[in-house]
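Heads up: the structure comes next, in structure tokens.
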Amino acid sequence: MKKIEIILLCIVTMQLQAQTKKNVLLICIDDLRTELKSFGADYIISPNIDALAKKGTAFYNHYVNSPSCGPSRYTMLTGTYGFSKNDALFLRAKKIKENKENVNITMPEWFKNNGYTTVSLGKVSHHPGGLGGKDWNDPNVIEMPNAWDKSMMPVKEWQHPRGTMHGLANGEIRGKSGTMDVFQSTKGEDTIYPDGLVANKAIEELEILSKNKKPFFFAVGIIKPHLPFGAPKKYYDMYDGVQIPEIPHPNKPNYPSTWHGSGEFFRYNTWSKDPRKDKEFAKEVRKHYAACVTYADAQVGKIIEKLKETKQYKNTIIVLWGDHGWSLGDHGIWGKHSLFEEALHSPLIILDPSIKQCGKGTKAVVETVDVFPTLCDLAGLSIPNFTQGVSLKSILENPVEKGHIAYSYRGATKTIRTDRYRLILSGNGTELYDHQIDPYETKNIASEYPKLVKELKIMLKQKYAK
Ligand SMILES: [Ca+2]
């Protein structure tokens, strides 16, 4: 064969491979606990995410590695455990700039290096749009260098990405503490809140990506239900007459724990009301959280609908991920940042069109660092040896397969969750909960089971050292 023929054959082969490579659509939802109908919250209206769960595999026991936005996104995007500060990815970027040490590449960069077009839209890393600076729009301060071909955040009347992050209706930006309402339901279209813009931009981008010859890795980040709980009134109205369930365990633990005073919640205007003391107000807060979930769900619906319209649905792996949980009054907490189950437990759904999934979901314990190796495995890429999670492909193929221990941290406080126990080690002492008899983690049994604590401590140490 002549040299020119060999080159042409190689080009044709590469093009064919590119055409058959599966796309990835990664949908990140901010502060979404497992408050979805498909995850057992019967009163929640979440038809689009529920439909995805029915088609794919819902991981009912998915745990994040850190219960706040920046560190959790760090673990998802790097496939490694990391710092537990919100600027974890910016610190990583600084290391790259200083060039003092070897820094592992991120998941989007890995896909980019394997022939993918990588696009980020909305809140995927910690800052919507992925830039730093005062208003999160400085092109010289990049949160994830070399990761994205394109990284976007539409802002319209919110002026800049920082404005969209805690934005309320029609361009209201968070200013001084206490001047912005903790919840709101203004009448209007989806675009009167920032996520409506994100969904519209995602639709535009899918049109472009679907015409591209290269496969795409498209990450879209929806900001709600993050505080403040603002969504168009039509979503709030859907909960008219719906019975908002009682908080199953509203009391602050009477022993040292990772309980905190819900500072993020109380920085907003709460009209001098306290949901820890005022049951009606607590219900109202929960109803607005529910409205934000339904609003986020509607945006997910639009994006998946567009994916179907572009004929890419059958060739796209869809992942829907909540960046951590949220205590809606559980343990007397209104917020994230604890190491209780409610702060670490979040939804994960994976749909791979090439795997016959039964839609029954899985109870296997898994964690956020598993997303990176799983997506490599499903897309047919090699799994980088620095990733600390495991591929979940075999669980997608067989949902009764067992998972593994999930490890989480916040500062020096650490926890592991097995399929039965949670062990928490903090400066305040040791906590042990048995989920078989105490699913709400209300009784610390550490002092009663020293041998078990010892065994779990060894498991935690091994996991951390991995
Ligand atoms: Ca978050």
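Residue numbers start at 1 in each chain; chains themselves are named A, B, ... in the order of the structure tokens; ligands are numbered from 1 in the order shown.
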Residues near Glu309 of chain A, cut-off 12 Å, only C-alpha atoms, skip fewer than 6 positions along chain, as a compact mmCIF listing (two decimals) with N, CA and C atoms, in the first residue's frame:
```
# COMPACT_ATOMS: atom_id res chain seq x y z
N ILE A 203 -29.51 24.86 25.29
CA ILE A 203 -30.24 24.47 24.07
C ILE A 203 -29.49 24.96 22.83
N LEU A 206 -26.24 22.90 22.43
CA LEU A 206 -26.45 21.52 21.94
C LEU A 206 -26.64 21.52 20.43
N GLU A 207 -27.27 22.55 19.92
CA GLU A 207 -27.46 22.69 18.48
C GLU A 207 -26.08 22.75 17.79
N SER A 210 -24.01 19.33 18.35
CA SER A 210 -24.53 18.17 17.61
C SER A 210 -24.10 18.19 16.14
N LYS A 302 -35.85 20.56 29.72
CA LYS A 302 -35.64 21.28 28.45
C LYS A 302 -34.34 20.82 27.78
N ILE A 303 -33.31 20.62 28.59
CA ILE A 303 -31.99 20.24 28.05
C ILE A 303 -32.06 18.83 27.44
```
Item to check | All residues 7 Å or closer to Asn269 of chain A, only C-alpha atoms, same chain fewer than 4 positions away omitted, as a PyMOL selection string | outcome: chain A and resi 178-182
Next on the checklist: Going by DSSP on the backbone, which residues of segment 200-394 of chain A come out as strand (DSSP E)? List them as a PyMOL selection string.
Outcome noted: chain A and resi 216-222+229-230+316-322+327-328+334-335+348-351+362-367
Based on the selection just made, write C-alpha atoms of those residues as a tab-separated table (two decimals), in the first residue's frame.
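Heads up, here's the output in out-v9.tsv:
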```tsv
chain	number	residue	atom	x	y	z
A	216	PHE	CA	-18.70	16.38	23.05
A	217	PHE	CA	-18.24	16.52	26.79
A	218	PHE	CA	-20.84	19.09	27.79
A	219	ALA	CA	-21.19	20.02	31.47
A	220	VAL	CA	-24.15	22.13	32.51
A	221	GLY	CA	-24.55	23.48	36.04
A	222	ILE	CA	-27.96	24.51	37.39
A	229	PHE	CA	-34.66	29.82	47.46
A	230	GLY	CA	-36.04	31.83	44.54
A	316	THR	CA	-24.88	10.34	24.81
A	317	ILE	CA	-24.06	9.25	28.35
A	318	ILE	CA	-26.08	11.42	30.74
A	319	VAL	CA	-24.99	11.97	34.32
A	320	LEU	CA	-27.08	13.94	36.79
A	321	TRP	CA	-25.30	14.79	40.02
A	322	GLY	CA	-26.16	16.81	43.13
A	327	SER	CA	-30.41	19.55	56.02
A	328	LEU	CA	-33.94	20.92	55.78
A	334	TRP	CA	-30.77	24.48	57.93
A	335	GLY	CA	-27.90	24.08	55.51
A	348	LEU	CA	-26.52	10.46	41.21
A	349	ILE	CA	-28.13	9.12	38.06
A	350	ILE	CA	-26.23	7.63	35.12
A	351	LEU	CA	-27.74	6.69	31.78
A	362	THR	CA	-29.12	0.47	42.93
A	363	LYS	CA	-28.49	0.52	46.68
A	364	ALA	CA	-24.73	0.16	46.23
A	365	VAL	CA	-22.76	2.69	48.27
A	366	VAL	CA	-20.73	4.87	45.88
A	367	GLU	CA	-19.03	8.26	46.05
```
Item to check | atom CA of Thr118 of chain A to atom CA of Ser382 of chain A, straight-line distance in Å | outcome: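 Value for the atom CA of Ser382 of chain A-atom CA of Thr118 of chain A distance: 17.4 Å.
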Next on the checklist: Could you list, as a count of residues only, all protein and nucleic acid residues with an atom at most 7 Å from ligand 1, counting only C-alpha atoms and all ligand atoms?
Outcome noted: 7
Hey, which bits of segment 281-393 of chain A sit within 10 Å of segment 462-466 of chain A, and for each residue what's the closest pair of atoms and how far apart in Å (one decimal), counting only C-alpha atoms, rows by chain and increasing number, as JSON lines?
```
{"residue": "A:Thr387", "atom": "CA", "partner": "A:Lys466", "partner_atom": "CA", "distance": 9.9}
{"residue": "A:Gln388", "atom": "CA", "partner": "A:Lys466", "partner_atom": "CA", "distance": 6.9}
{"residue": "A:Gly389", "atom": "CA", "partner": "A:Lys466", "partner_atom": "CA", "distance": 9.5}
```
I need the residues from that last selection saved to file as a short mmCIF file (atom, residue, chain, number, x, y, z; two decimals), in the first residue's frame (with all heavy atoms), if you can.
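In the end it all went to result_28.cif:
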```
data_model
loop_
_atom_site.label_atom_id
_atom_site.label_comp_id
_atom_site.auth_asym_id
_atom_site.auth_seq_id
_atom_site.Cartn_x
_atom_site.Cartn_y
_atom_site.Cartn_z
N THR A 387 -6.62 8.63 39.53
CA THR A 387 -7.99 8.80 40.06
C THR A 387 -8.18 7.86 41.25
O THR A 387 -7.67 6.74 41.28
CB THR A 387 -9.07 8.51 38.99
OG1 THR A 387 -8.83 7.24 38.43
CG2 THR A 387 -9.04 9.55 37.89
N GLN A 388 -8.94 8.34 42.24
CA GLN A 388 -9.06 7.60 43.50
C GLN A 388 -10.38 6.84 43.64
O GLN A 388 -10.58 6.12 44.61
CB GLN A 388 -8.84 8.56 44.68
CG GLN A 388 -7.39 9.01 44.78
CD GLN A 388 -7.18 10.07 45.84
OE1 GLN A 388 -7.67 11.18 45.72
NE2 GLN A 388 -6.45 9.74 46.88
N GLY A 389 -11.27 7.00 42.67
CA GLY A 389 -12.53 6.28 42.71
C GLY A 389 -12.46 5.01 41.88
O GLY A 389 -11.39 4.62 41.41
#
```
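Nearest residue to Thr442 of chain A among A:Asn251, A:Asn212, A:Ser272, A:Thr57 is A:Asn251, counting only C-alpha atoms.
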Next on the checklist: Please compute the atom CA of Lys95 of chain A-atom CA of Tyr81 of chain A distance, one decimal, in Å.
Outcome noted: 16.3 Å
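The smallest atom-to-atom distance between Ala296 of chain A and any of A:Lys283, A:Lys443, A:Lys224, A:Lys311, using only C-alpha atoms, is found for A:Lys224.
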Checklist entry - Within 9 Å of Lys360 of chain A, counting only C-alpha atoms, which residues qualify if same-chain residues fewer than 3 places away don't, as a VMD selection string? => result chain A and resid 53 to 58 357 399
Would you mind exporting N, CA and C atoms of the selected residues as a PDB file, in the first residue's frame?
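Done, and the output landed in part38.pdb:
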```
ATOM      1  N   ALA A  53     -34.128   8.862  35.771  1.00  0.00           N
ATOM      2  CA  ALA A  53     -33.839   7.768  36.717  1.00  0.00           C
ATOM      3  C   ALA A  53     -34.465   6.463  36.231  1.00  0.00           C
ATOM      4  N   LYS A  54     -35.627   6.575  35.635  1.00  0.00           N
ATOM      5  CA  LYS A  54     -36.347   5.385  35.159  1.00  0.00           C
ATOM      6  C   LYS A  54     -35.656   4.746  33.954  1.00  0.00           C
ATOM      7  N   LYS A  55     -35.045   5.592  33.132  1.00  0.00           N
ATOM      8  CA  LYS A  55     -34.337   5.093  31.947  1.00  0.00           C
ATOM      9  C   LYS A  55     -32.953   4.572  32.310  1.00  0.00           C
ATOM     10  N   GLY A  56     -32.312   5.254  33.243  1.00  0.00           N
ATOM     11  CA  GLY A  56     -30.935   4.912  33.592  1.00  0.00           C
ATOM     12  C   GLY A  56     -30.854   4.205  34.931  1.00  0.00           C
ATOM     13  N   THR A  57     -29.812   4.522  35.685  1.00  0.00           N
ATOM     14  CA  THR A  57     -29.646   3.926  37.006  1.00  0.00           C
ATOM     15  C   THR A  57     -29.534   5.028  38.063  1.00  0.00           C
ATOM     16  N   ALA A  58     -30.461   4.977  39.012  1.00  0.00           N
ATOM     17  CA  ALA A  58     -30.381   5.911  40.140  1.00  0.00           C
ATOM     18  C   ALA A  58     -29.532   5.259  41.221  1.00  0.00           C
ATOM     19  N   GLN A 357     -30.250  -0.951  30.878  1.00  0.00           N
ATOM     20  CA  GLN A 357     -30.456  -0.691  32.304  1.00  0.00           C
ATOM     21  C   GLN A 357     -31.920  -0.929  32.657  1.00  0.00           C
ATOM     22  N   PRO A 399     -27.301  -4.004  38.820  1.00  0.00           N
ATOM     23  CA  PRO A 399     -27.539  -3.086  39.942  1.00  0.00           C
ATOM     24  C   PRO A 399     -27.519  -3.723  41.328  1.00  0.00           C
TER      25      PRO A 399
END
```
Item to check | Contacts of Arg73 of chain A within 9 Å, only C-alpha atoms, excl. fewer than 2 positions in-chain, as a list in words | outcome: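 After dropping sequence-adjacent residues, the list is Ser66, Ser68, Cys69, Gly70, Pro71, Thr75, Met76, Leu77, Thr78, Ala88, Leu89, Val124, Ser125, His126, Asp323 and Thr368 of chain A.
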Checklist entry - Could you pull out the helix (DSSP H, G or I) residues of segment 172-300 of chain A from DSSP and send them as a ChimeraX atom specification? => result /A:190-192,194-211,233-237,263-266,279-300
Go ahead and dump the residues you just picked, C-alpha atoms, as a PDB file, in the first residue's frame.
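File written: part-v7.pdb
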```pdb
ATOM      1  CA  ASP A 190     -38.147  30.830  33.774  1.00  0.00           C
ATOM      2  CA  THR A 191     -35.672  33.498  32.630  1.00  0.00           C
ATOM      3  CA  ILE A 192     -36.563  35.889  35.466  1.00  0.00           C
ATOM      4  CA  PRO A 194     -30.612  32.832  36.227  1.00  0.00           C
ATOM      5  CA  ASP A 195     -31.195  29.117  35.560  1.00  0.00           C
ATOM      6  CA  GLY A 196     -33.670  29.969  32.825  1.00  0.00           C
ATOM      7  CA  LEU A 197     -30.778  31.630  30.991  1.00  0.00           C
ATOM      8  CA  VAL A 198     -28.563  28.590  31.547  1.00  0.00           C
ATOM      9  CA  ALA A 199     -31.180  26.253  30.051  1.00  0.00           C
ATOM     10  CA  ASN A 200     -31.682  28.484  26.991  1.00  0.00           C
ATOM     11  CA  LYS A 201     -27.940  28.683  26.430  1.00  0.00           C
ATOM     12  CA  ALA A 202     -27.643  24.898  26.805  1.00  0.00           C
ATOM     13  CA  ILE A 203     -30.241  24.465  24.069  1.00  0.00           C
ATOM     14  CA  GLU A 204     -28.267  26.784  21.765  1.00  0.00           C
ATOM     15  CA  GLU A 205     -25.023  25.003  22.571  1.00  0.00           C
ATOM     16  CA  LEU A 206     -26.454  21.523  21.938  1.00  0.00           C
ATOM     17  CA  GLU A 207     -27.464  22.688  18.477  1.00  0.00           C
ATOM     18  CA  ILE A 208     -23.834  23.681  17.810  1.00  0.00           C
ATOM     19  CA  LEU A 209     -22.268  20.607  19.423  1.00  0.00           C
ATOM     20  CA  SER A 210     -24.529  18.170  17.609  1.00  0.00           C
ATOM     21  CA  LYS A 211     -23.278  19.479  14.263  1.00  0.00           C
ATOM     22  CA  LYS A 233     -44.181  31.543  41.217  1.00  0.00           C
ATOM     23  CA  LYS A 234     -45.697  28.874  38.939  1.00  0.00           C
ATOM     24  CA  TYR A 235     -43.398  26.284  40.567  1.00  0.00           C
ATOM     25  CA  TYR A 236     -44.338  27.391  44.088  1.00  0.00           C
ATOM     26  CA  ASP A 237     -48.021  27.237  43.126  1.00  0.00           C
ATOM     27  CA  GLY A 263     -24.821  30.578  59.353  1.00  0.00           C
ATOM     28  CA  GLU A 264     -25.257  30.514  55.573  1.00  0.00           C
ATOM     29  CA  PHE A 265     -29.039  30.401  55.994  1.00  0.00           C
ATOM     30  CA  PHE A 266     -29.236  33.147  58.616  1.00  0.00           C
ATOM     31  CA  LYS A 279     -42.945  25.213  62.584  1.00  0.00           C
ATOM     32  CA  GLU A 280     -45.027  27.178  60.072  1.00  0.00           C
ATOM     33  CA  PHE A 281     -41.980  29.118  58.889  1.00  0.00           C
ATOM     34  CA  ALA A 282     -40.038  25.850  58.608  1.00  0.00           C
ATOM     35  CA  LYS A 283     -42.768  24.490  56.324  1.00  0.00           C
ATOM     36  CA  GLU A 284     -42.677  27.640  54.223  1.00  0.00           C
ATOM     37  CA  VAL A 285     -38.879  27.322  53.779  1.00  0.00           C
ATOM     38  CA  ARG A 286     -39.270  23.672  52.776  1.00  0.00           C
ATOM     39  CA  LYS A 287     -42.005  24.553  50.303  1.00  0.00           C
ATOM     40  CA  HIS A 288     -39.728  27.094  48.634  1.00  0.00           C
ATOM     41  CA  TYR A 289     -36.882  24.553  48.495  1.00  0.00           C
ATOM     42  CA  ALA A 290     -39.340  22.167  46.816  1.00  0.00           C
ATOM     43  CA  ALA A 291     -40.326  24.886  44.311  1.00  0.00           C
ATOM     44  CA  CYS A 292     -36.634  25.416  43.479  1.00  0.00           C
ATOM     45  CA  VAL A 293     -36.188  21.663  42.912  1.00  0.00           C
ATOM     46  CA  THR A 294     -39.148  21.658  40.515  1.00  0.00           C
ATOM     47  CA  TYR A 295     -37.734  24.718  38.724  1.00  0.00           C
ATOM     48  CA  ALA A 296     -34.324  22.990  38.380  1.00  0.00           C
ATOM     49  CA  ASP A 297     -36.106  19.842  37.176  1.00  0.00           C
ATOM     50  CA  ALA A 298     -37.903  21.832  34.471  1.00  0.00           C
ATOM     51  CA  GLN A 299     -34.551  23.140  33.174  1.00  0.00           C
ATOM     52  CA  VAL A 300     -33.202  19.571  33.075  1.00  0.00           C
TER      53      VAL A 300
END
```
Next on the checklist: Calculated over only C-alpha atoms, which of the candidates A:Ser72, A:Asn428, A:Asn48, A:Asn385 has the smallest distance to Tyr255 of chain A?
Outcome noted: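 Among the listed residues, the smallest separation from Tyr255 of chain A belongs to A:Asn428.
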Item to check | Two-atom distance - atom CA of Gly130 of chain A, atom CA of Glu143 of chain A (Å) | outcome: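 We find that atom CA of Gly130 of chain A and atom CA of Glu143 of chain A lie 5.2 Å from each other.
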